[in-house]
file upload-v3.cif (mmCIF, C-alpha atoms)
data_entry
#
loop_
_atom_site.label_atom_id
_atom_site.label_comp_id
_atom_site.auth_asym_id
_atom_site.auth_seq_id
_atom_site.Cartn_x
_atom_site.Cartn_y
_atom_site.Cartn_z
CA MET A 24 0.00 0.00 0.00
CA PRO A 25 1.26 3.51 -0.78
CA GLU A 26 2.15 5.63 2.21
CA PRO A 27 -0.69 8.02 3.18
CA ARG A 28 0.31 11.42 1.89
CA THR A 29 -1.72 14.34 0.58
CA TYR A 30 -0.96 16.49 -2.44
CA ALA A 31 -0.13 19.41 -0.13
CA GLU A 32 2.21 17.26 1.96
CA PHE A 33 4.05 15.87 -1.07
CA LEU A 34 4.65 19.37 -2.48
CA LYS A 35 5.31 21.04 0.89
CA LEU A 36 2.68 23.62 -0.02
CA ASP A 37 2.58 24.95 3.53
CA LEU A 38 6.14 26.18 3.03
CA ILE A 39 5.78 27.33 -0.57
CA LEU A 40 2.49 29.20 -0.28
CA ASN A 41 3.49 30.96 2.92
CA ALA A 42 6.77 32.27 1.50
CA GLN A 43 5.25 35.33 -0.20
CA HIS A 44 5.72 38.25 2.17
CA ARG A 45 4.71 41.74 1.07
CA PHE A 46 6.89 44.17 2.99
CA LYS A 47 4.86 47.21 1.89
CA GLY A 48 1.52 45.45 1.45
CA CYS A 49 1.18 46.80 -2.10
CA HIS A 50 -0.99 44.88 -4.55
CA ASP A 51 1.71 44.51 -7.22
CA GLU A 52 4.34 43.44 -4.71
CA MET A 53 2.76 39.98 -4.81
CA LEU A 54 3.34 39.79 -8.57
CA PHE A 55 7.00 40.74 -8.18
CA VAL A 56 7.60 38.18 -5.42
CA VAL A 57 5.83 35.27 -7.14
CA ILE A 58 7.54 35.86 -10.50
CA HIS A 59 11.00 35.83 -8.93
CA GLN A 60 10.33 32.90 -6.59
CA ALA A 61 8.98 30.87 -9.52
CA ALA A 62 12.05 31.81 -11.57
CA GLU A 63 14.32 30.47 -8.83
CA LEU A 64 12.41 27.16 -8.84
CA TRP A 65 12.73 26.89 -12.63
CA MET A 66 16.45 27.68 -12.36
CA LYS A 67 16.84 24.93 -9.76
CA LEU A 68 15.35 22.48 -12.25
CA MET A 69 17.53 23.89 -15.03
CA LEU A 70 20.67 23.24 -12.99
CA HIS A 71 19.43 19.71 -12.23
CA GLU A 72 18.94 18.99 -15.94
CA LEU A 73 22.26 20.55 -16.96
CA ALA A 74 24.10 18.44 -14.38
CA GLY A 75 22.43 15.31 -15.71
CA ALA A 76 23.27 16.17 -19.32
CA MET A 77 26.89 16.78 -18.39
CA ARG A 78 27.14 13.35 -16.77
CA TYR A 79 26.05 11.68 -20.01
CA ILE A 80 28.44 13.83 -22.06
CA GLN A 81 31.27 12.88 -19.70
CA ALA A 82 30.40 9.19 -20.15
CA GLY A 83 30.22 9.76 -23.89
CA GLU A 84 28.67 6.43 -24.85
CA ASP A 85 24.99 7.25 -25.31
CA LEU A 86 24.17 10.95 -25.68
CA ARG A 87 20.43 10.50 -26.17
CA PRO A 88 19.52 11.08 -22.49
CA ALA A 89 21.59 14.29 -22.62
CA PHE A 90 19.58 15.44 -25.65
CA LYS A 91 16.34 14.93 -23.72
CA MET A 92 17.66 16.87 -20.72
CA LEU A 93 18.95 19.74 -22.85
CA ALA A 94 15.63 19.87 -24.69
CA ARG A 95 13.90 20.09 -21.30
CA VAL A 96 16.16 23.01 -20.40
CA GLY A 97 14.87 24.70 -23.55
CA ARG A 98 11.28 24.28 -22.37
CA ILE A 99 12.23 25.72 -18.98
CA GLN A 100 13.81 28.70 -20.71
CA ALA A 101 10.56 29.24 -22.61
CA GLN A 102 8.68 29.37 -19.30
CA LEU A 103 11.16 31.87 -17.89
CA THR A 104 10.93 34.03 -21.00
CA GLN A 105 7.13 34.05 -20.87
CA SER A 106 7.27 35.13 -17.23
CA TRP A 107 8.67 38.49 -18.33
CA ASP A 108 5.39 39.06 -20.20
CA VAL A 109 3.54 38.75 -16.89
CA LEU A 110 5.96 41.04 -15.06
CA ALA A 111 5.69 43.59 -17.88
CA THR A 112 2.08 44.25 -16.81
CA MET A 113 3.61 46.19 -13.92
CA THR A 114 3.91 49.93 -14.62
CA PRO A 115 6.73 52.18 -13.31
CA GLY A 116 4.34 53.60 -10.72
CA ASP A 117 3.32 50.13 -9.55
CA PHE A 118 6.97 49.24 -8.95
CA LEU A 119 7.90 52.52 -7.29
CA ALA A 120 5.15 51.93 -4.73
CA PHE A 121 7.24 49.17 -3.11
CA ARG A 122 10.71 49.47 -4.63
CA ASP A 123 12.27 50.85 -1.43
CA ALA A 124 11.22 47.64 0.38
CA LEU A 125 13.76 45.73 -1.69
CA GLY A 126 16.52 47.52 0.20
CA THR A 127 19.91 46.23 -0.96
CA SER A 128 18.48 43.12 -2.60
CA SER A 129 18.75 42.57 -6.35
CA GLY A 130 18.25 39.82 -8.89
CA PHE A 131 21.94 40.41 -9.63
CA GLN A 132 22.52 38.47 -6.37
CA SER A 133 20.80 35.28 -7.58
CA HIS A 134 23.41 32.58 -6.96
CA GLN A 135 21.44 30.08 -9.05
CA TYR A 136 21.51 32.37 -12.07
CA ARG A 137 25.25 32.85 -11.58
CA GLU A 138 25.71 29.09 -11.28
CA ILE A 139 23.91 28.62 -14.59
CA GLU A 140 26.25 31.13 -16.21
CA PHE A 141 29.30 29.34 -14.77
CA THR A 142 27.92 25.96 -15.87
CA LEU A 143 27.49 27.25 -19.41
CA GLY A 144 31.00 28.73 -19.41
CA GLN A 145 30.62 32.41 -18.54
CA LYS A 146 33.23 32.21 -15.78
CA ASN A 147 34.16 35.24 -13.67
CA ARG A 148 35.78 34.76 -10.25
CA ALA A 149 34.99 38.36 -9.29
CA MET A 150 31.31 37.42 -9.13
CA LEU A 151 31.97 35.34 -6.00
CA ALA A 152 32.49 38.49 -3.94
CA MET A 153 28.80 39.40 -3.76
CA HIS A 154 28.05 36.02 -2.15
CA ALA A 155 30.81 36.20 0.48
CA GLY A 156 28.20 36.34 3.25
CA ASP A 157 26.49 33.14 2.09
CA PRO A 158 28.71 30.06 2.67
CA MET A 159 26.37 27.70 0.80
CA ALA A 160 26.21 29.91 -2.29
CA THR A 161 29.96 30.46 -2.17
CA ARG A 162 30.62 26.69 -2.06
CA ARG A 163 28.29 25.98 -4.96
CA LEU A 164 29.62 28.80 -7.10
CA THR A 165 33.26 28.01 -6.38
CA ALA A 166 32.65 24.39 -7.40
CA ALA A 167 30.90 25.47 -10.61
CA LEU A 168 33.67 27.97 -11.34
CA GLU A 169 36.48 25.44 -10.93
CA ARG A 170 35.00 22.48 -12.83
CA PRO A 171 34.69 22.13 -16.61
CA SER A 172 31.67 23.85 -18.14
CA LEU A 173 29.11 22.16 -20.38
CA TYR A 174 31.09 23.31 -23.42
CA ASP A 175 34.41 22.20 -21.89
CA GLU A 176 32.96 18.72 -21.41
CA THR A 177 31.73 18.76 -24.99
CA LEU A 178 35.21 19.63 -26.29
CA ARG A 179 36.74 16.88 -24.14
CA LEU A 180 34.25 14.47 -25.68
CA LEU A 181 35.39 15.55 -29.15
CA ALA A 182 38.98 14.77 -28.14
CA ARG A 183 37.99 11.32 -26.87
CA ARG A 184 36.24 10.69 -30.19
CA GLY A 185 39.56 11.24 -31.98
CA PHE A 186 39.37 14.87 -33.05
CA ALA A 187 42.66 16.75 -32.73
CA LEU A 188 42.16 19.47 -30.17
CA PRO A 189 45.03 21.49 -28.70
CA ALA A 190 46.13 20.15 -25.32
CA GLU A 191 45.43 23.48 -23.61
CA LEU A 192 41.70 23.02 -24.33
CA ILE A 193 41.56 19.56 -22.74
CA GLU A 194 43.35 20.26 -19.46
CA ARG A 195 43.48 23.84 -18.25
CA ASP A 196 42.41 26.23 -15.53
CA TRP A 197 38.66 25.64 -15.71
CA SER A 198 37.92 28.81 -13.75
CA ALA A 199 38.94 30.83 -16.81
CA PRO A 200 36.41 31.23 -19.62
CA HIS A 201 36.87 29.34 -22.89
CA ARG A 202 38.54 31.42 -25.59
CA PRO A 203 37.52 30.91 -29.23
CA HIS A 204 39.99 28.72 -31.10
CA GLY A 205 40.34 28.10 -34.82
CA ALA A 206 40.93 24.37 -34.33
CA VAL A 207 37.57 24.02 -32.57
CA GLU A 208 35.80 25.90 -35.34
CA GLN A 209 37.36 23.57 -37.92
CA ILE A 210 36.22 20.48 -36.02
CA TRP A 211 32.65 21.73 -35.91
CA LEU A 212 32.89 22.52 -39.63
CA ASP A 213 33.97 18.95 -40.31
CA ILE A 214 31.07 17.59 -38.24
CA TYR A 215 28.49 19.83 -39.93
CA ARG A 216 29.80 19.01 -43.40
CA ALA A 217 29.44 15.26 -42.78
CA PRO A 218 26.67 14.89 -40.17
CA GLU A 219 25.93 11.33 -41.21
CA SER A 220 29.39 10.33 -39.94
CA HIS A 221 29.03 12.09 -36.57
CA TRP A 222 25.29 12.20 -36.04
CA ASP A 223 25.21 12.28 -32.24
CA LEU A 224 27.85 15.04 -32.11
CA TYR A 225 25.94 16.96 -34.77
CA GLU A 226 22.76 16.66 -32.71
CA LEU A 227 24.60 17.66 -29.55
CA ALA A 228 25.88 20.78 -31.31
CA GLU A 229 22.36 21.74 -32.35
CA GLU A 230 21.09 21.21 -28.80
CA LEU A 231 23.78 23.60 -27.58
CA VAL A 232 22.86 26.18 -30.21
CA ASP A 233 19.20 25.89 -29.18
CA LEU A 234 20.18 26.34 -25.54
CA GLU A 235 22.17 29.49 -26.24
CA ASP A 236 19.52 30.88 -28.60
CA ASN A 237 16.89 30.41 -25.89
CA PHE A 238 19.16 31.92 -23.25
CA GLN A 239 19.71 35.04 -25.33
CA THR A 240 15.96 35.37 -25.89
CA TRP A 241 15.45 35.14 -22.11
CA ARG A 242 18.12 37.79 -21.55
CA PHE A 243 16.67 40.08 -24.21
CA ARG A 244 13.18 39.94 -22.68
CA HIS A 245 14.77 40.66 -19.31
CA VAL A 246 16.35 43.81 -20.74
CA THR A 247 13.17 45.08 -22.35
CA THR A 248 11.05 44.34 -19.28
CA VAL A 249 13.45 46.10 -16.91
CA GLU A 250 13.71 49.06 -19.29
CA ARG A 251 9.93 49.22 -19.51
CA ILE A 252 9.58 49.37 -15.73
CA ILE A 253 12.60 51.43 -14.54
CA GLY A 254 14.04 52.91 -17.75
CA SER A 255 17.76 53.60 -17.67
CA LYS A 256 17.97 54.04 -13.89
CA PRO A 257 20.33 51.77 -11.88
CA GLY A 258 18.80 48.53 -10.68
CA THR A 259 17.93 47.70 -7.08
CA GLY A 260 20.76 47.15 -4.64
CA GLY A 261 23.03 49.36 -6.74
CA SER A 262 23.13 46.89 -9.65
CA PRO A 263 23.96 48.40 -13.07
CA GLY A 264 20.49 47.81 -14.49
CA VAL A 265 19.79 47.98 -18.22
CA SER A 266 23.35 48.93 -19.21
CA TYR A 267 24.75 45.70 -17.78
CA LEU A 268 21.93 43.58 -19.16
CA ARG A 269 22.53 44.92 -22.67
CA LYS A 270 26.25 44.22 -22.39
CA VAL A 271 25.81 40.53 -21.52
CA LEU A 272 23.72 40.06 -24.67
CA GLU A 273 27.03 40.22 -26.57
CA HIS A 274 28.44 37.14 -24.80
CA ARG A 275 28.60 33.75 -26.53
CA PHE A 276 28.75 30.52 -24.50
CA PHE A 277 29.67 28.33 -27.48
CA PRO A 278 31.44 30.75 -29.85
CA GLU A 279 32.75 28.34 -32.50
CA LEU A 280 29.28 26.87 -33.04
CA TRP A 281 28.25 30.33 -34.22
CA SER A 282 31.39 31.48 -36.02
CA MET A 283 31.64 28.29 -38.10
CA ARG A 284 28.25 29.06 -39.65
CA GLY A 285 29.81 31.95 -41.52
CA ALA A 286 32.63 29.70 -42.71
CA MET A 287 30.46 26.93 -44.18
#
call {"tool": "encode", "arguments": {"input": "upload-v3.cif", "output": "structure tokens"}}
result
Amino acid sequence: MPEPRTYAEFLKLDLILNAQHRFKGCHDEMLFVVIHQAAELWMKLMLHELAGAMRYIQAGEDLRPAFKMLARVGRIQAQLTQSWDVLATMTPGDFLAFRDALGTSSGFQSHQYREIEFTLGQKNRAMLAMHAGDPMATRRLTAALERPSLYDETLRLLARRGFALPAELIERDWSAPHRPHGAVEQIWLDIYRAPESHWDLYELAEELVDLEDNFQTWRFRHVTTVERIIGSKPGTGGSPGVSYLRKVLEHRFFPELWSMRGAM
């Protein structure tokens, strides 16, 4: 017999549904809190799926489970992107009614978002400083910073499959971001020109391109939503706001997968 357990007990709804505190009691404060709490839950699942995909890429024998997990990440990203449409119903006046209640807090301090960036390869040790007061976040971020990223593991898989990659791309200081390399671009060109000979690697490459495409769409909607609500003012907690968000749109997680398209 299954153990007696209610829906609310299984989901810990008493904890989840009582975690929305409105410091100012404003109507739209609830919207702001729920959107960001839901985003953190989706990011938790995204990290779970990325970790699973990386394990299958490290094993390198059957990549199909990794494809499923990366595809699921894409669906999560779609949910996160759509959430900006809900937040965009908030006007500047609605936000200003409770903005001071945020104090020094900012989405810029989301350690899960930073861990996703590190996992995808956007490494920056300086970002650890803002989490110095949170030992758990510091441990997680330091681990993500110092281990190979999703793209690093993909390149190591290419090397194990017999492709000639420079040694400095296979064993290096993983806390430094990957730098574009002509040899990597050429390998991807070879795979794309003969996909029937490397079908699983070809499919993996397309999953990575989908992931980055979705991530950039999420980032772009973040920019436009923030600009719609606060304009060009600095973000909460002294964060740079729109200027920083626009700058990160220029970053590529998997640069050779994009540059090689112009070389085909």
call {"tool": "atom_distance", "arguments": {"input": "upload-v3.cif", "atom1": "CA of Pro88 (chain A)", "atom2": "CA of Ala76 (chain A)"}}
result
7.1 Å
call {"tool": "closest_residue", "arguments": {"input": "upload-v3.cif", "among": "A:Met159, A:Ala124, A:Leu110, A:Ala82", "to": "Thr177 (chain A)", "atoms": "all atoms listed in the file"}}
result
A:Ala82
call {"tool": "atom_distance", "arguments": {"input": "upload-v3.cif", "atom1": "CA of Thr127 (chain A)", "atom2": "CA of Glu273 (chain A)"}}
result
27.3 Å
call {"tool": "closest_residue", "arguments": {"input": "upload-v3.cif", "among": "A:Trp222, A:Phe243, A:Tyr174, A:Trp197", "to": "Leu268 (chain A)", "atoms": "all atoms listed in the file"}}
result
A:Phe243
call {"tool": "closest_residue", "arguments": {"input": "upload-v3.cif", "among": "A:His274, A:Gln43, A:Lys256, A:Glu235", "to": "Ala94 (chain A)", "atoms": "all atoms listed in the file"}}
result
A:Glu235
call {"tool": "residues_around", "arguments": {"input": "upload-v3.cif", "residues": "region 200-207 of chain A", "least_positions_apart": "6", "cutoff": "9 Å", "atoms": "all atoms listed in the file", "output": "ChimeraX atom specification"}}
result
/A:141,144-147,172,174-175,178,187-189,192,276-280
call {"tool": "closest_residue", "arguments": {"input": "upload-v3.cif", "among": "A:Asp196, A:Asp157, A:Leu272, A:Arg87", "to": "Thr247 (chain A)", "atoms": "only C-alpha atoms"}}
result
A:Leu272
call {"tool": "atom_distance", "arguments": {"input": "upload-v3.cif", "atom1": "CA of Pro115 (chain A)", "atom2": "CA of Ile253 (chain A)"}}
result
6.0 Å
call {"tool": "resolve_selection", "arguments": {"input": "upload-v3.cif", "expression": "the PyMOL selection byres ((chain A and resi 47-49) around 9)", "output": "list of chain:residue names"}}
result
A:His44, A:Arg45, A:Phe46, A:His50, A:Asp51, A:Glu52, A:Met53, A:Asp117, A:Ala120, A:Phe121, A:Asp123, A:Ala124
call {"tool": "decode", "arguments": {"input": "upload-v3.cif", "residues": "region 115-170 of chain A", "atoms": "C-alpha atoms", "output": "PDB file, in the first residue's frame"}}
result
ATOM      1  CA  PRO A 115       6.727  52.177 -13.307  1.00  0.00           C
ATOM      2  CA  GLY A 116       4.335  53.595 -10.720  1.00  0.00           C
ATOM      3  CA  ASP A 117       3.322  50.128  -9.547  1.00  0.00           C
ATOM      4  CA  PHE A 118       6.973  49.236  -8.952  1.00  0.00           C
ATOM      5  CA  LEU A 119       7.904  52.519  -7.288  1.00  0.00           C
ATOM      6  CA  ALA A 120       5.151  51.927  -4.732  1.00  0.00           C
ATOM      7  CA  PHE A 121       7.235  49.165  -3.112  1.00  0.00           C
ATOM      8  CA  ARG A 122      10.714  49.470  -4.626  1.00  0.00           C
ATOM      9  CA  ASP A 123      12.270  50.847  -1.434  1.00  0.00           C
ATOM     10  CA  ALA A 124      11.216  47.644   0.377  1.00  0.00           C
ATOM     11  CA  LEU A 125      13.757  45.725  -1.695  1.00  0.00           C
ATOM     12  CA  GLY A 126      16.524  47.517   0.205  1.00  0.00           C
ATOM     13  CA  THR A 127      19.911  46.234  -0.962  1.00  0.00           C
ATOM     14  CA  SER A 128      18.476  43.119  -2.602  1.00  0.00           C
ATOM     15  CA  SER A 129      18.749  42.574  -6.350  1.00  0.00           C
ATOM     16  CA  GLY A 130      18.253  39.824  -8.889  1.00  0.00           C
ATOM     17  CA  PHE A 131      21.939  40.411  -9.626  1.00  0.00           C
ATOM     18  CA  GLN A 132      22.517  38.470  -6.366  1.00  0.00           C
ATOM     19  CA  SER A 133      20.804  35.284  -7.580  1.00  0.00           C
ATOM     20  CA  HIS A 134      23.406  32.580  -6.958  1.00  0.00           C
ATOM     21  CA  GLN A 135      21.443  30.079  -9.050  1.00  0.00           C
ATOM     22  CA  TYR A 136      21.515  32.369 -12.074  1.00  0.00           C
ATOM     23  CA  ARG A 137      25.249  32.849 -11.579  1.00  0.00           C
ATOM     24  CA  GLU A 138      25.714  29.089 -11.282  1.00  0.00           C
ATOM     25  CA  ILE A 139      23.906  28.620 -14.591  1.00  0.00           C
ATOM     26  CA  GLU A 140      26.254  31.134 -16.211  1.00  0.00           C
ATOM     27  CA  PHE A 141      29.299  29.345 -14.767  1.00  0.00           C
ATOM     28  CA  THR A 142      27.923  25.960 -15.867  1.00  0.00           C
ATOM     29  CA  LEU A 143      27.495  27.247 -19.406  1.00  0.00           C
ATOM     30  CA  GLY A 144      30.997  28.734 -19.412  1.00  0.00           C
ATOM     31  CA  GLN A 145      30.622  32.413 -18.536  1.00  0.00           C
ATOM     32  CA  LYS A 146      33.233  32.212 -15.778  1.00  0.00           C
ATOM     33  CA  ASN A 147      34.159  35.242 -13.673  1.00  0.00           C
ATOM     34  CA  ARG A 148      35.777  34.757 -10.250  1.00  0.00           C
ATOM     35  CA  ALA A 149      34.986  38.363  -9.286  1.00  0.00           C
ATOM     36  CA  MET A 150      31.308  37.415  -9.132  1.00  0.00           C
ATOM     37  CA  LEU A 151      31.973  35.337  -6.001  1.00  0.00           C
ATOM     38  CA  ALA A 152      32.488  38.487  -3.936  1.00  0.00           C
ATOM     39  CA  MET A 153      28.805  39.404  -3.762  1.00  0.00           C
ATOM     40  CA  HIS A 154      28.054  36.017  -2.153  1.00  0.00           C
ATOM     41  CA  ALA A 155      30.805  36.198   0.478  1.00  0.00           C
ATOM     42  CA  GLY A 156      28.204  36.339   3.250  1.00  0.00           C
ATOM     43  CA  ASP A 157      26.486  33.137   2.087  1.00  0.00           C
ATOM     44  CA  PRO A 158      28.712  30.065   2.668  1.00  0.00           C
ATOM     45  CA  MET A 159      26.373  27.696   0.805  1.00  0.00           C
ATOM     46  CA  ALA A 160      26.212  29.907  -2.286  1.00  0.00           C
ATOM     47  CA  THR A 161      29.965  30.455  -2.172  1.00  0.00           C
ATOM     48  CA  ARG A 162      30.624  26.691  -2.057  1.00  0.00           C
ATOM     49  CA  ARG A 163      28.293  25.976  -4.960  1.00  0.00           C
ATOM     50  CA  LEU A 164      29.622  28.803  -7.101  1.00  0.00           C
ATOM     51  CA  THR A 165      33.261  28.008  -6.382  1.00  0.00           C
ATOM     52  CA  ALA A 166      32.652  24.390  -7.401  1.00  0.00           C
ATOM     53  CA  ALA A 167      30.903  25.471 -10.607  1.00  0.00           C
ATOM     54  CA  LEU A 168      33.671  27.966 -11.342  1.00  0.00           C
ATOM     55  CA  GLU A 169      36.480  25.442 -10.934  1.00  0.00           C
ATOM     56  CA  ARG A 170      35.004  22.482 -12.828  1.00  0.00           C
TER      57      ARG A 170
END
